[in-house]
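Have a look at the structure below, then the notes.
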Amino acid sequence: MLIHGPAFTALDVNHIQALRDCLVLVDDHGWIRRVLTSNDQDFNQVLTLGRQKQQVRELTAGEYLLPGFIDLHVHAPQWAQAGLALDRPLEDWLNKYTFPLEAKFSNLTFARQVYRSFVHTLLAHGTTTAMMFGTIHLKSNLELVEQCRQQGFRGFIGQVAMDNPDQSPTYYRDQSSVAAIKASESFIQQVQKTAGADDLVTPVITPRFVPSCTAPTLAGLGRLAAKYDLPIQSHVSESNWESQYAIDHFGMHDANVLDYFGLLTNRAVMAHGTQLTAADMKLLRQRHASLAHCPISNVYFGNGVLPVHYLLQNHNQVGLGSDISGGYSPSLYPNIRQAVKSSRMLEDGVDSRQAVTERGVKNSRITIVNAFYMATVGGAQALHLKSGQLKAGYRADFQIVKAHHSFIPLSSLDAFERILYQTTAADIRSVYVNGHLVYEN
Ligand code: GUN
Ligand code: FE
């Protein structure tokens, strides 16, 4: 398969490459074999041959090829309540809305309906990979695995562990630490047993967050992560209440708690982090653990803005997450925009009664390129995937978007910026995962 047309891909955190006219060659196993431009001697020859064999997807006027987005943090069951109850604080929202909803996933038919719609919706927004929380229900989680495989979506999926009776309701919690760890291990084994060659799904160790888990459960999950060499997902320093909970109950920051139990590895992806201290951030760096920045969710629950510029400058690993349903949008496009907007407010400050010099945090703004980098390369690196870039040896995970009509001539960088600010699901024409066309609009 070949795709022919203009494309954008991140080169590094501050730069994109605008390919005006390129030819992306994909092999039979779903890897990019070459990315040719018209400067390559055999460009015309390869294009002509591909056309003769009718293997070329020709982009039409206004269409662009981009890497598929990687949503680093999302709760699949919460798709059923996206956009609800965002006027409540986190602990209230969990107890009044989220736990009752997630408890409904004991019903497999309900789970199938929600998960089928959710995976389809992610693809329809140009997301080709996501790291997802399921619920505590093993069978429903396996249904989410099945939906990813059937629809051709790359899923990192976790059986949620939450056994702390103080913070989890009786109707929705693991019955004991032993039960929580056993369910996690069964889920891992089931996913591995049913996996095909080069499977799209990876199981993930998933302690919900420090308040939800007892110490024996955190310890047991740390051992499982090491035994199976698997990724880990959780929430870290996500709000004032949550950060204080770890300090009150463990006498240390939650990043240290997770680290103590072997849960802050180089395969760990920790969501939010708005309340992390500079020392916590350093610890994450030392462990090569990643952060999933969820800028829309943070507006509601974060009690602060994640200092993304600081983190990127200090070489912390950061990707982007929608955090459905702490965030209301299943698309990374509005999250890219919110990441930029929140950073601008952090830099300028928000209280105009304060002196200009004291209002904000200097050097906090990020660019649209930084945000695009997080949604592609940042996510791929966090998941140890060769994807997120249009580059030989990388996964053929793509989205094709149609740019809005322009009445004025645009530079490549202008065209890129406009795509990121204006694209909606209606503009996403096709999505490919592993070189397979998995969504068409
Ligand atoms: N912390 C623990 N559980 C959750 C959840 O479901 N969503 C968010 N945003 N934070 C959490
Ligand atoms: Fe979350």
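Identifiers in the structure tokens: chain A, B, ... in order shown; residue index from 1 per chain; ligand index from 1 in order shown.
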
- Message: DSSP on the backbone, strand (DSSP E) only: what residues of range 63-264 of chain A does that give? Format it as a ChimeraX atom specification.
- Response: /A:63-67,69-75,127-133,154-161,201-207,232-236

- Query: Any idea what's packed within 12 Å of Leu19 in chain A, counting only C-alpha atoms, ignoring anything in its chain fewer than 4 positions away? Could you give it as a ChimeraX atom specification?
  - Reply: /A:4-11,23-24,35-39,64-66,390-391,412-413,415-416

- Message: Taking only C-alpha atoms and all ligand atoms and a cut-off of 12 Å, can you tell me which residues surround ligand 2, written as JSON, numbers by chain?
- Response: {"A": [71, 72, 73, 74, 75, 76, 77, 78, 90, 93, 94, 98, 131, 132, 133, 134, 160, 206, 207, 208, 209, 233, 234, 235, 236, 237, 238, 239, 269, 270, 271, 272, 273, 291, 292, 293, 294, 295, 296, 297, 298, 300, 301, 302, 320, 321, 322, 323, 324, 325, 326, 327, 328]}

- Task: Extract the full set of alpha helix (DSSP H) residues from range 234-434 of chain A according to DSSP on the backbone, and format it as JSON, numbers by chain.
- Result: {"A": [240, 241, 242, 243, 244, 245, 246, 247, 248, 249, 250, 254, 255, 256, 257, 258, 259, 260, 278, 279, 280, 281, 282, 283, 284, 285, 286, 287, 295, 296, 297, 298, 299, 300, 301, 308, 309, 310, 311, 312, 313, 332, 333, 334, 335, 336, 337, 338, 339, 340, 341, 342, 343, 344, 345, 346, 347, 348, 356, 357, 358, 359, 368, 369, 370, 371, 372, 373, 379, 380, 381, 382, 412, 413, 414, 415, 416, 417, 418, 419, 420, 421, 422]}

- Item | Residue neighbourhood range 242-252 of chain A, 7 Å, only C-alpha atoms, exclusion window fewer than 5 positions, as an MDAnalysis selection string | chainID A and resid 210:211 237 257 275

- Item | For range 26-28 of chain A: contacts at 8 Å, only C-alpha atoms, fewer than 5 positions along chain excluded, given as a list of chain:residue names |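 These residues fall inside the cut-off: A:Met1, A:Leu2, A:Arg33, A:Arg34, A:Ala396, A:Gly435.
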
Quick one: write out the picked residues with N, CA, C and O atoms as a tab-separated table (two decimals), in the first residue's frame?
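Resulting contents of result-v2.tsv:
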```
chain	number	residue	atom	x	y	z
A	1	MET	N	0.84	-1.20	0.00
A	1	MET	CA	0.00	0.00	0.00
A	1	MET	C	0.88	1.25	0.00
A	1	MET	O	1.93	1.28	0.64
A	2	LEU	N	0.43	2.26	-0.73
A	2	LEU	CA	1.15	3.53	-0.74
A	2	LEU	C	0.15	4.67	-0.51
A	2	LEU	O	-0.99	4.58	-0.97
A	33	ARG	N	7.70	1.31	5.33
A	33	ARG	CA	9.00	0.86	4.82
A	33	ARG	C	9.85	2.05	4.37
A	33	ARG	O	11.04	2.11	4.63
A	34	ARG	N	9.20	3.00	3.70
A	34	ARG	CA	9.95	4.19	3.26
A	34	ARG	C	9.03	5.40	3.25
A	34	ARG	O	7.83	5.27	3.06
A	396	ALA	N	2.39	1.81	10.68
A	396	ALA	CA	1.55	2.55	9.73
A	396	ALA	C	0.20	2.85	10.39
A	396	ALA	O	-0.83	2.28	10.05
A	435	GLY	N	-1.49	-0.32	8.94
A	435	GLY	CA	-1.64	-0.35	7.49
A	435	GLY	C	-3.02	-0.76	7.00
A	435	GLY	O	-3.28	-0.77	5.81
```
